[in-house]
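Coordinates from query.txt are shown below (compact mmCIF, C-alpha atoms and all ligand atoms).
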```
# COMPACT_ATOMS: atom_id res chain seq x y z
CA PRO A 1 65.09 16.93 132.41
CA PRO A 2 65.95 15.97 136.00
CA LEU A 3 67.43 12.50 136.20
CA ASP A 4 64.73 11.21 138.53
CA SER A 5 62.04 11.93 135.93
CA LEU A 6 63.41 9.06 133.80
CA ILE A 7 61.80 5.79 134.75
CA ASN A 8 63.14 3.14 132.39
CA LEU A 9 65.97 2.40 129.96
CA TYR A 10 64.00 3.59 126.94
CA ASP A 11 63.77 7.05 128.48
CA PHE A 12 67.57 7.36 128.30
CA GLU A 13 67.52 6.27 124.67
CA TYR A 14 64.87 8.81 123.72
CA LEU A 15 66.69 11.60 125.48
CA ALA A 16 69.98 10.62 123.82
CA SER A 17 68.28 10.72 120.42
CA GLN A 18 67.26 14.31 121.16
CA ILE A 19 70.46 15.73 122.62
CA LEU A 20 73.47 13.83 121.25
CA THR A 21 75.47 15.22 118.35
CA LYS A 22 74.60 13.69 114.98
CA GLN A 23 77.92 11.90 114.93
CA ALA A 24 77.52 10.38 118.39
CA TRP A 25 73.89 9.34 117.81
CA GLY A 26 74.79 7.95 114.37
CA TYR A 27 77.68 5.88 115.71
CA TYR A 28 75.97 4.67 118.90
CA SER A 29 72.52 3.84 117.60
CA SER A 30 73.39 2.39 114.23
CA ALA A 31 73.25 -1.29 113.35
CA ALA A 32 73.99 -3.32 110.22
CA ASP A 33 72.04 -3.12 106.96
CA ASP A 34 68.27 -3.18 107.58
CA GLU A 35 68.79 -3.51 111.34
CA VAL A 36 66.67 -6.67 111.43
CA THR A 37 69.01 -8.36 113.91
CA TYR A 38 69.15 -5.21 116.00
CA ARG A 39 65.36 -5.29 116.44
CA GLU A 40 65.21 -9.08 116.75
CA ASN A 41 67.71 -9.05 119.64
CA HIS A 42 65.10 -7.40 121.82
CA ALA A 43 61.99 -8.73 120.09
CA ALA A 44 63.02 -12.35 120.77
CA TYR A 45 62.71 -11.68 124.51
CA HIS A 46 59.07 -10.77 123.89
CA ARG A 47 58.37 -14.31 122.71
CA ILE A 48 59.31 -15.85 126.04
CA PHE A 49 56.79 -15.87 128.87
CA PHE A 50 57.05 -16.71 132.57
CA LYS A 51 55.53 -19.44 134.70
CA PRO A 52 55.64 -17.77 138.11
CA ARG A 53 55.30 -19.72 141.38
CA ILE A 54 53.05 -18.49 144.17
CA LEU A 55 53.06 -18.44 147.96
CA ILE A 56 56.80 -18.38 148.37
CA ASN A 57 58.45 -16.15 150.96
CA VAL A 58 60.19 -13.54 148.82
CA LYS A 59 60.87 -10.97 151.53
CA GLU A 60 64.64 -11.26 151.15
CA CYS A 61 65.92 -11.21 147.61
CA ASP A 62 69.62 -11.55 146.70
CA LEU A 63 70.90 -10.37 143.31
CA SER A 64 74.52 -11.36 143.88
CA THR A 65 76.30 -14.00 141.84
CA THR A 66 79.78 -15.03 140.65
CA MET A 67 81.35 -14.46 137.25
CA LEU A 68 84.73 -15.93 136.27
CA GLY A 69 85.59 -16.54 139.90
CA THR A 70 84.73 -13.03 141.10
CA LYS A 71 81.80 -12.30 143.38
CA MET A 72 79.44 -9.77 141.81
CA ASP A 73 76.64 -7.69 143.34
CA LEU A 74 74.55 -7.86 140.17
CA PRO A 75 73.94 -10.43 137.42
CA PHE A 76 74.48 -7.91 134.59
CA TYR A 77 77.48 -5.86 133.39
CA VAL A 78 78.39 -2.95 131.14
CA SER A 79 79.56 -4.36 127.83
CA ALA A 80 82.47 -2.83 125.91
CA THR A 81 81.68 0.11 123.70
CA ALA A 82 84.22 2.16 121.76
CA LEU A 83 84.53 5.93 121.90
CA CYS A 84 82.56 6.85 125.02
CA LYS A 85 83.88 10.39 124.65
CA LEU A 86 81.73 10.92 121.56
CA GLY A 87 78.76 11.29 123.91
CA ASN A 88 80.54 12.40 127.11
CA PRO A 89 83.47 14.42 125.72
CA SER A 90 85.29 15.25 128.92
CA GLU A 91 84.90 12.06 130.99
CA GLY A 92 84.10 9.24 128.53
CA GLU A 93 84.75 5.76 129.97
CA LYS A 94 85.89 7.26 133.30
CA ASP A 95 82.33 8.25 134.15
CA ILE A 96 81.18 4.71 133.44
CA ALA A 97 83.80 3.47 135.93
CA ARG A 98 82.57 5.99 138.51
CA GLY A 99 78.88 5.25 137.98
CA CYS A 100 79.56 1.53 138.29
CA GLY A 101 81.03 2.02 141.77
CA MET A 102 78.48 4.51 143.15
CA GLY A 103 75.61 3.64 145.47
CA GLU A 104 74.56 0.32 146.88
CA PHE A 105 75.84 -2.05 144.18
CA ASN A 106 79.09 -2.41 142.28
CA LEU A 107 78.68 -3.13 138.61
CA THR A 108 81.32 -4.70 136.37
CA GLN A 109 82.61 -2.67 133.43
CA MET A 110 84.09 -4.25 130.32
CA ILE A 111 86.54 -1.76 128.77
CA SER A 112 86.94 -1.62 124.99
CA THR A 113 90.27 -1.80 123.16
CA LEU A 114 88.90 1.24 121.32
CA ALA A 115 88.23 3.25 124.48
CA SER A 116 88.73 6.99 124.30
CA CYS A 117 90.38 7.26 127.74
CA SER A 118 93.56 5.37 128.57
CA LEU A 119 93.21 2.09 130.40
CA LYS A 120 95.10 3.57 133.35
CA GLU A 121 92.72 6.53 133.56
CA ILE A 122 89.69 4.24 133.51
CA VAL A 123 91.15 1.96 136.16
CA GLU A 124 92.04 4.94 138.36
CA ALA A 125 88.53 6.34 138.00
CA LYS A 126 87.10 3.46 140.08
CA VAL A 127 85.54 4.79 143.27
CA ASN A 128 86.03 1.75 145.50
CA ASP A 129 88.36 -1.24 145.50
CA LYS A 130 85.62 -3.86 145.21
CA GLN A 131 84.85 -2.80 141.63
CA THR A 132 85.64 -5.27 138.88
CA GLN A 133 86.80 -4.30 135.39
CA TRP A 134 87.31 -6.57 132.40
CA PHE A 135 89.15 -5.92 129.16
CA GLN A 136 87.70 -6.40 125.69
CA LEU A 137 90.45 -7.26 123.24
CA TYR A 138 90.51 -6.57 119.53
CA VAL A 139 93.49 -8.51 118.23
CA ASN A 140 95.72 -6.24 116.16
CA ALA A 141 97.44 -7.39 112.97
CA ASP A 142 100.61 -6.40 114.78
CA ARG A 143 100.68 -9.01 117.55
CA LYS A 144 103.24 -6.98 119.51
CA ILE A 145 100.56 -4.34 120.12
CA THR A 146 98.26 -7.08 121.39
CA ASP A 147 100.94 -8.60 123.65
CA ASN A 148 101.67 -5.22 125.18
CA LEU A 149 97.99 -4.59 125.76
CA ILE A 150 97.60 -7.91 127.57
CA LYS A 151 100.60 -7.12 129.78
CA ASN A 152 99.15 -3.72 130.58
CA VAL A 153 95.75 -5.25 131.39
CA GLU A 154 97.36 -7.68 133.85
CA GLU A 155 99.47 -5.01 135.50
CA LEU A 156 96.49 -2.73 135.98
CA GLY A 157 94.53 -5.46 137.76
CA LEU A 158 91.70 -6.12 135.32
CA LYS A 159 90.04 -9.45 135.96
CA ALA A 160 89.40 -11.05 132.55
CA ILE A 161 90.03 -10.74 128.82
CA PHE A 162 87.13 -10.89 126.36
CA VAL A 163 88.40 -11.49 122.83
CA THR A 164 85.93 -10.12 120.30
CA VAL A 165 85.64 -12.40 117.28
CA ASP A 166 82.55 -11.19 115.44
CA ALA A 167 84.20 -8.27 113.70
CA PRO A 168 86.68 -9.55 111.07
CA SER A 169 85.40 -6.57 109.19
CA LEU A 170 82.91 -4.06 110.46
CA GLY A 171 79.26 -4.32 109.48
CA ARG A 172 77.61 -1.84 107.17
CA ARG A 173 76.08 0.71 109.52
CA GLU A 174 74.32 3.16 107.31
CA LYS A 175 73.22 5.72 109.89
CA ASP A 176 76.88 6.07 110.79
CA MET A 177 78.03 6.05 107.17
CA LYS A 178 75.85 9.04 106.36
CA ILE A 179 78.04 11.14 108.62
CA LYS A 180 81.45 11.87 107.23
CA PHE A 181 84.18 10.87 109.64
CA ASP A 182 86.10 13.90 110.79
CA PRO A 183 89.29 12.88 112.60
CA SER A 184 89.61 16.30 114.22
CA LYS A 185 86.18 15.94 115.84
CA THR A 186 86.69 12.38 117.01
CA PRO A 187 88.16 11.46 120.36
CA GLU A 188 91.54 9.76 120.38
CA ILE A 189 91.70 6.06 120.92
CA THR A 190 94.28 5.78 123.61
CA ASN A 191 95.11 2.11 123.80
CA GLU A 192 96.29 1.66 120.25
CA ASP A 193 98.23 3.19 117.44
CA LYS A 194 96.78 6.32 115.92
CA SER A 195 96.31 5.09 112.38
CA HIS A 196 92.61 6.03 112.36
CA LYS A 197 93.64 9.69 112.60
CA LYS A 198 95.15 9.38 109.15
CA GLN A 199 91.84 8.10 107.76
CA GLN A 200 90.58 11.22 106.04
CA ASN A 201 87.11 11.34 104.56
CA THR A 202 86.00 7.83 105.36
CA ARG A 203 82.31 7.26 105.77
CA GLY A 204 81.48 7.07 109.46
CA ALA A 205 83.38 6.39 112.64
CA SER A 206 83.02 2.60 112.32
CA LYS A 207 84.88 2.50 109.05
CA ALA A 208 87.73 4.52 110.48
CA LEU A 209 88.01 2.23 113.51
CA SER A 210 88.12 -0.93 111.43
CA THR A 211 91.83 -0.44 110.71
CA PHE A 212 92.58 -1.83 114.18
CA ILE A 213 91.16 -5.26 113.71
CA ASP A 214 92.95 -8.23 112.20
CA PRO A 215 90.64 -10.09 109.77
CA SER A 216 92.95 -13.14 109.73
CA LEU A 217 92.20 -14.10 113.36
CA THR A 218 91.55 -17.83 113.94
CA TRP A 219 91.02 -20.33 116.78
CA ASN A 220 94.81 -20.77 117.00
CA ASP A 221 95.22 -17.11 117.93
CA VAL A 222 92.77 -17.54 120.78
CA ILE A 223 94.71 -20.61 121.96
CA ASP A 224 97.87 -18.44 121.90
CA ILE A 225 96.22 -15.70 123.93
CA LYS A 226 95.06 -18.27 126.46
CA LYS A 227 98.69 -19.44 126.83
CA LYS A 228 99.97 -15.89 127.24
CA THR A 229 97.85 -14.90 130.21
CA LYS A 230 96.74 -16.28 133.55
CA LEU A 231 93.56 -14.21 133.37
CA PRO A 232 90.32 -15.91 132.35
CA VAL A 233 89.84 -15.70 128.57
CA VAL A 234 86.33 -15.41 127.15
CA ILE A 235 85.36 -15.40 123.47
CA LYS A 236 82.90 -12.60 122.70
CA GLY A 237 80.69 -12.91 119.65
CA VAL A 238 79.82 -16.62 119.53
CA GLN A 239 76.66 -17.29 117.54
CA CYS A 240 76.00 -21.02 117.31
CA THR A 241 76.16 -24.17 119.43
CA ALA A 242 78.95 -25.76 117.37
CA ASP A 243 81.25 -22.83 118.13
CA ILE A 244 80.41 -22.95 121.85
CA LEU A 245 81.44 -26.61 121.84
CA LYS A 246 84.64 -25.71 120.01
CA ALA A 247 85.34 -22.97 122.57
CA ALA A 248 84.92 -25.53 125.36
CA GLU A 249 87.28 -27.85 123.53
CA ILE A 250 90.11 -25.31 123.33
CA GLY A 251 89.67 -24.63 127.03
CA VAL A 252 88.61 -20.99 127.21
CA ASP A 253 86.82 -19.92 130.38
CA GLY A 254 83.67 -18.65 128.75
CA VAL A 255 81.81 -17.35 125.74
CA VAL A 256 79.57 -14.35 125.15
CA LEU A 257 76.66 -15.12 122.89
CA SER A 258 76.51 -11.87 120.99
CA ASN A 259 76.01 -10.42 117.55
CA HIS A 260 77.59 -7.12 118.55
CA GLY A 261 74.25 -5.49 119.18
CA GLY A 262 73.14 -6.17 115.60
CA ARG A 263 76.03 -4.14 114.21
CA GLN A 264 77.73 -6.94 112.28
CA LEU A 265 75.96 -9.63 110.24
CA ASP A 266 72.34 -8.66 109.73
CA PHE A 267 70.04 -11.72 110.05
CA SER A 268 72.22 -13.26 112.73
CA ARG A 269 69.88 -14.82 115.25
CA ALA A 270 69.05 -13.23 118.58
CA PRO A 271 71.52 -14.38 121.25
CA ILE A 272 68.67 -15.48 123.55
CA GLU A 273 67.59 -17.94 120.85
CA VAL A 274 71.13 -19.31 120.59
CA LEU A 275 71.25 -19.63 124.39
CA ALA A 276 67.97 -21.56 124.46
CA GLU A 277 69.29 -23.94 121.83
CA ALA A 278 72.77 -24.40 123.30
CA MET A 279 72.29 -24.79 127.05
CA PRO A 280 70.49 -28.14 127.02
CA ILE A 281 73.28 -29.54 124.82
CA LEU A 282 76.02 -28.12 127.07
CA LYS A 283 74.27 -29.56 130.12
CA GLU A 284 73.90 -32.96 128.52
CA LYS A 285 77.65 -33.01 127.79
CA GLY A 286 78.51 -31.69 131.29
CA LEU A 287 80.15 -28.64 129.70
CA ASP A 288 78.02 -26.07 131.55
CA LYS A 289 80.34 -26.55 134.53
CA LYS A 290 83.45 -26.07 132.40
CA LEU A 291 82.49 -22.98 130.48
CA GLU A 292 80.55 -19.89 131.56
CA VAL A 293 78.02 -18.58 129.06
CA TYR A 294 77.32 -14.86 128.86
CA ILE A 295 74.90 -13.02 126.62
CA ASP A 296 74.34 -9.49 125.32
CA GLY A 297 72.19 -7.65 122.81
CA GLY A 298 68.79 -6.04 123.14
CA VAL A 299 68.57 -6.31 126.92
CA ARG A 300 66.38 -3.44 128.08
CA ARG A 301 64.28 -4.80 130.95
CA GLY A 302 64.80 -6.66 134.19
CA THR A 303 62.60 -9.40 132.75
CA ASP A 304 65.03 -9.77 129.81
CA VAL A 305 67.85 -10.37 132.29
CA LEU A 306 65.75 -12.89 134.23
CA LYS A 307 64.87 -14.84 131.08
CA ALA A 308 68.55 -15.13 130.12
CA LEU A 309 69.49 -16.22 133.65
CA CYS A 310 66.69 -18.82 133.71
CA LEU A 311 68.11 -20.28 130.51
CA GLY A 312 71.55 -20.62 132.09
CA ALA A 313 73.45 -17.40 131.31
CA LYS A 314 76.03 -16.52 133.97
CA GLY A 315 75.76 -12.81 133.26
CA VAL A 316 74.03 -10.39 130.91
CA GLY A 317 75.71 -7.47 129.13
CA LEU A 318 74.27 -4.14 128.03
CA GLY A 319 75.94 -1.78 125.56
CA ARG A 320 73.89 1.13 124.22
CA PRO A 321 71.81 1.81 127.35
CA PHE A 322 74.95 2.69 129.33
CA LEU A 323 76.33 4.79 126.47
CA TYR A 324 73.11 6.78 126.44
CA ALA A 325 73.00 7.19 130.22
CA ASN A 326 76.65 8.24 130.28
CA SER A 327 76.13 10.70 127.43
CA CYS A 328 73.06 12.33 129.00
CA TYR A 329 74.05 12.44 132.69
CA GLY A 330 77.60 11.14 133.09
CA LYS A 331 78.32 9.00 136.14
CA ASP A 332 74.98 9.79 137.80
CA GLY A 333 73.18 8.49 134.74
CA VAL A 334 75.22 5.30 134.74
CA ASN A 335 74.48 4.79 138.43
CA ARG A 336 70.76 5.49 137.93
CA LEU A 337 70.50 3.05 135.04
CA LYS A 338 72.20 0.39 137.14
CA GLU A 339 69.71 1.00 139.96
CA MET A 340 66.72 0.96 137.61
CA LEU A 341 67.69 -2.40 136.17
CA ALA A 342 68.56 -3.83 139.61
CA ASP A 343 65.14 -2.68 140.90
CA GLU A 344 63.33 -4.23 137.95
CA ILE A 345 65.19 -7.52 138.40
CA GLU A 346 64.51 -7.65 142.13
CA MET A 347 60.83 -6.82 141.82
CA ASN A 348 60.27 -9.32 139.03
CA MET A 349 62.20 -12.05 140.85
CA ARG A 350 59.73 -11.64 143.73
CA LEU A 351 56.80 -11.86 141.33
CA LEU A 352 58.34 -14.96 139.81
CA GLY A 353 58.72 -16.54 143.27
CA VAL A 354 62.53 -16.71 143.31
CA THR A 355 64.89 -15.22 145.91
CA LYS A 356 68.34 -15.99 144.56
CA ILE A 357 70.00 -16.00 141.15
CA SER A 358 71.07 -19.64 141.32
CA ASP A 359 67.41 -20.68 141.69
CA LEU A 360 66.46 -19.27 138.29
CA LYS A 361 65.79 -22.28 136.02
CA PRO A 362 64.27 -23.04 132.58
CA GLU A 363 61.21 -24.39 134.45
CA TYR A 364 60.15 -20.79 135.05
CA LEU A 365 59.80 -20.12 131.34
CA ASP A 366 57.26 -20.84 128.64
CA MET A 367 59.35 -21.09 125.47
CA ILE A 368 56.65 -22.25 123.08
CA SER A 369 56.58 -19.07 120.98
CA LEU A 370 60.32 -18.41 120.81
CA HIS A 371 60.73 -19.77 117.31
CA ALA A 372 57.57 -18.19 115.91
CA ARG A 373 59.46 -15.34 114.27
C1 LIG B 401 79.74 -1.85 120.60
N1 LIG B 401 80.17 -3.15 120.87
C2 LIG B 401 81.52 -3.39 120.98
N2 LIG B 401 81.96 -4.65 121.24
C3 LIG B 401 83.27 -4.90 121.38
O1 LIG B 401 83.63 -6.04 121.64
N3 LIG B 401 84.19 -3.89 121.25
C4 LIG B 401 83.83 -2.61 120.99
O2 LIG B 401 84.69 -1.74 120.90
C5 LIG B 401 82.46 -2.35 120.81
N4 LIG B 401 82.03 -1.09 120.51
C6 LIG B 401 80.69 -0.82 120.42
C7 LIG B 401 80.28 0.48 120.15
C8 LIG B 401 78.94 0.78 120.12
C9 LIG B 401 78.51 2.18 119.85
C10 LIG B 401 77.97 -0.25 120.34
C11 LIG B 401 76.49 0.05 120.34
C12 LIG B 401 78.38 -1.53 120.57
C13 LIG B 401 79.20 -4.24 121.12
C14 LIG B 401 78.80 -4.30 122.59
O3 LIG B 401 79.86 -4.76 123.38
C15 LIG B 401 77.61 -5.24 122.82
O4 LIG B 401 77.88 -6.48 122.22
C16 LIG B 401 76.30 -4.67 122.26
O5 LIG B 401 76.27 -3.28 122.42
C17 LIG B 401 75.11 -5.29 122.95
O6 LIG B 401 73.93 -4.82 122.40
P1 LIG B 401 73.04 -3.63 123.01
O7 LIG B 401 73.03 -3.81 124.52
O8 LIG B 401 73.70 -2.36 122.60
O9 LIG B 401 71.72 -3.85 122.39
```
Is it possible to give me this structure as structure tokens?
Amino acid sequence: PPLDSLINLYDFEYLASQILTKQAWGYYSSAADDEVTYRENHAAYHRIFFKPRILINVKECDLSTTMLGTKMDLPFYVSATALCKLGNPSEGEKDIARGCGMGEFNLTQMISTLASCSLKEIVEAKVNDKQTQWFQLYVNADRKITDNLIKNVEELGLKAIFVTVDAPSLGRREKDMKIKFDPSKTPEITNEDKSHKKQQNTRGASKALSTFIDPSLTWNDVIDIKKKTKLPVVIKGVQCTADILKAAEIGVDGVVLSNHGGRQLDFSRAPIEVLAEAMPILKEKGLDKKLEVYIDGGVRRGTDVLKALCLGAKGVGLGRPFLYANSCYGKDGVNRLKEMLADEIEMNMRLLGVTKISDLKPEYLDMISLHAR
């Protein structure tokens, strides 16, 4: 169908379910076990309501903000997803870079360690020099590989390192497991060693990828990474207040409240619930100024983004929606999805009676039902 006949993020998902290969759909859409967390990530947003203000001049509305010291046009970003070539075999992550830089707004792209284009290719695919890219780091058991990656990331001008910590082993993703992993049909991972290519007959792409990730990672490793780079370091995959406090203590620049899109521990709580619990405590301790809090998982509407921002998130990440848009329409799809979400945010900000991101506050929310799971 023509791209302009799609009107919301779910339309991309439906189309992807119809046209992607079984392997790509299985790997992209799957989540852990019974997928309870996957559904809860989005469902939790449905238990928060707004308290809009009236008779405010909302003619001019500004979606710009800052993240990790960089000015951003939009308060959301593309979160890291592995193997973008499964759905867009020729262009993969490059088309995400292009789509992010097209049109009125630049969007930030977080690039996965398990990307299927080389970091250099993805950086060179940017279409204007105001685009920001971040790097998502899986720490390898061989720390030399990790050190080299960090050096490469700095040299190529990426703006931050997000260390993923919620995947000491990969969750049981049964939709993906049902499809036998065929190394010859799977795109290369370009940033790492090629050990997954030797993984014959494993069940699913996830299982084959898991060889990259060091299960012995601890807080000390993150402290080491922080010492090794001048770039901001953010811990991705934090799931409770105590760990946010610990992250603040070791001096990282931020955390992403995330359960990996429900792909890891099933029955992890929705990140928006963790955010609602943690922010008042961070504020009380004055740590909200020291540490930026990001969130991802289940974000499918402009109102979802607004709720997270009201609760104090600095930025909101989306994974699958961009994979689907990139798989169905390449860079144009990525750009369209970005515009759709920007439009929804802007329109709903007006209806809420707010004209800039920094004015979004918990006072605009009715949280009474959040815990009524
Ligand atoms: C991911 N995610 C992910 N995270 C990460 O740190 N490194 C990675 O390589 C990947 N790869 C990946 C592949 C696929 C297919 C998915 C769906 C997700 C997690 C991702 O960054 C993000 O946390 C979630 O996707 C957010 O949830 P939604 O937006 O997909 O609901």
Practice item. Taking only C-alpha atoms and all ligand atoms into account, report as a list in words which residues have an atom no farther than 7 Å from an atom of ligand LIG 401 (chain B). Key: Tyr27, Tyr28, Ser29, Ser79, Ala80, Thr81, Ala82, Ser112, Thr113, Leu114, Gln136, Thr164, Lys236, Ser258, Asn259, His260, Gly261, Gly262, Asp296, Gly297, Gly298, Val299, Gly317, Leu318, Gly319, Arg320 and Pro321 of chain A
Revision key, fill the gap. CA of Thr132 (chain A) to CA of Leu257 (chain A) measures 20.8 Å
Using all atoms listed in the file, tabulate the residues of region 41-130 of chain A lying at most 9 Å from any atom of region 323-328 of chain A, each with its closest atom pair and that distance in Å to one decimal, by chain and increasing residue number, as CSV.
```
residue,atom,partner,partner_atom,distance
A:Thr81,CA,A:Leu323,CA,7.6
A:Cys84,CA,A:Leu323,CA,6.7
A:Lys85,CA,A:Ser327,CA,8.2
A:Leu86,CA,A:Ser327,CA,8.1
A:Gly87,CA,A:Ser327,CA,4.4
A:Asn88,CA,A:Ser327,CA,4.7
A:Pro89,CA,A:Ser327,CA,8.4
A:Gly92,CA,A:Asn326,CA,7.7
A:Glu93,CA,A:Asn326,CA,8.5
A:Asp95,CA,A:Asn326,CA,6.9
A:Ile96,CA,A:Asn326,CA,6.6
A:Gly99,CA,A:Asn326,CA,8.6
```
Per-residue nearest contacts of region 296-342 of chain A to region 271-290 of chain A (12 Å; only C-alpha atoms) as CSV:
```
residue,atom,partner,partner_atom,distance
A:Asp296,CA,A:Pro271,CA,7.0
A:Gly297,CA,A:Pro271,CA,6.9
A:Gly298,CA,A:Pro271,CA,9.0
A:Val299,CA,A:Ile272,CA,9.8
A:Asp304,CA,A:Ile272,CA,9.2
A:Val305,CA,A:Ile272,CA,10.2
A:Leu306,CA,A:Ile272,CA,11.4
A:Lys307,CA,A:Ile272,CA,8.5
A:Ala308,CA,A:Ile272,CA,6.6
A:Leu309,CA,A:Leu275,CA,10.0
A:Cys310,CA,A:Ala276,CA,9.7
A:Leu311,CA,A:Ala276,CA,6.2
A:Gly312,CA,A:Met279,CA,6.6
A:Ala313,CA,A:Leu275,CA,7.6
A:Lys314,CA,A:Asp288,CA,10.1
A:Val316,CA,A:Ile272,CA,10.4
A:Gly317,CA,A:Pro271,CA,11.3
```
Exercise for review: Measure the distance from CA of Glu91 (chain A) to CA of Ile122 (chain A) in Å and round it to one decimal.
Suggested key: 9.5 Å
Counting all atoms listed in the file, which residues in region 95-122 of chain A sit no more than 12 Å from region 71-77 of chain A? For each one, give the nearest pair of atoms and the distance in Å, sorted by chain then residue number, as a Markdown table.
```
| residue | atom | partner | partner_atom | distance |
| --- | --- | --- | --- | --- |
| A:Ile96 | CA | A:Tyr77 | CA | 11.2 |
| A:Ala97 | CA | A:Tyr77 | CA | 11.6 |
| A:Cys100 | CA | A:Tyr77 | CA | 9.1 |
| A:Gly101 | CA | A:Asp73 | CA | 10.8 |
| A:Gly103 | CA | A:Asp73 | CA | 11.6 |
| A:Glu104 | CA | A:Asp73 | CA | 9.0 |
| A:Phe105 | CA | A:Asp73 | CA | 5.8 |
| A:Asn106 | CA | A:Asp73 | CA | 5.9 |
| A:Leu107 | CA | A:Tyr77 | CA | 6.0 |
| A:Thr108 | CA | A:Tyr77 | CA | 5.0 |
| A:Gln109 | CA | A:Tyr77 | CA | 6.0 |
| A:Met110 | CA | A:Tyr77 | CA | 7.5 |
| A:Ile111 | CA | A:Tyr77 | CA | 11.0 |
```
Let me have the centre and edge lengths in Å, one decimal, of the box along x, y and z around every listed atom of region 228-235 of chain A with 3 Å of margin on each side, as JSON.
```
{"center_x": 92.7, "center_y": -15.2, "center_z": 128.5, "size_x": 20.6, "size_y": 8.1, "size_z": 16.1}
```
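Note that CA of Phe162 (chain A) and CA of Ala125 (chain A) are 20.8 Å apart.
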Practice item. Tell me, as a PyMOL selection string, which residues lie within 8 Å of Ala247 (chain A), counting all atoms listed in the file; anything in the same chain fewer than 6 positions away does not count. Key: chain A and resi 235+254-255
Practice item. Identify, on the basis of all atoms listed in the file, every residue whose closest approach to Leu352 (chain A) does not exceed 7 Å; exclude the query and any residue fewer than 4 positions from it along the same chain; express the result as a ChimeraX atom specification. Key: /A:52-53,348
Point to revise | Selection near Gly251 (chain A), 10 Å with all atoms listed in the file, sequence-local residues under 4 positions removed, as a ChimeraX atom specification | key: /A:222-223,226,233-234,245-247,290-291
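Closest approach to Arg263 (chain A) from the set A:Leu341, A:Val293, A:Leu55, A:Ala32 is made by A:Ala32, with distances taken over only C-alpha atoms.
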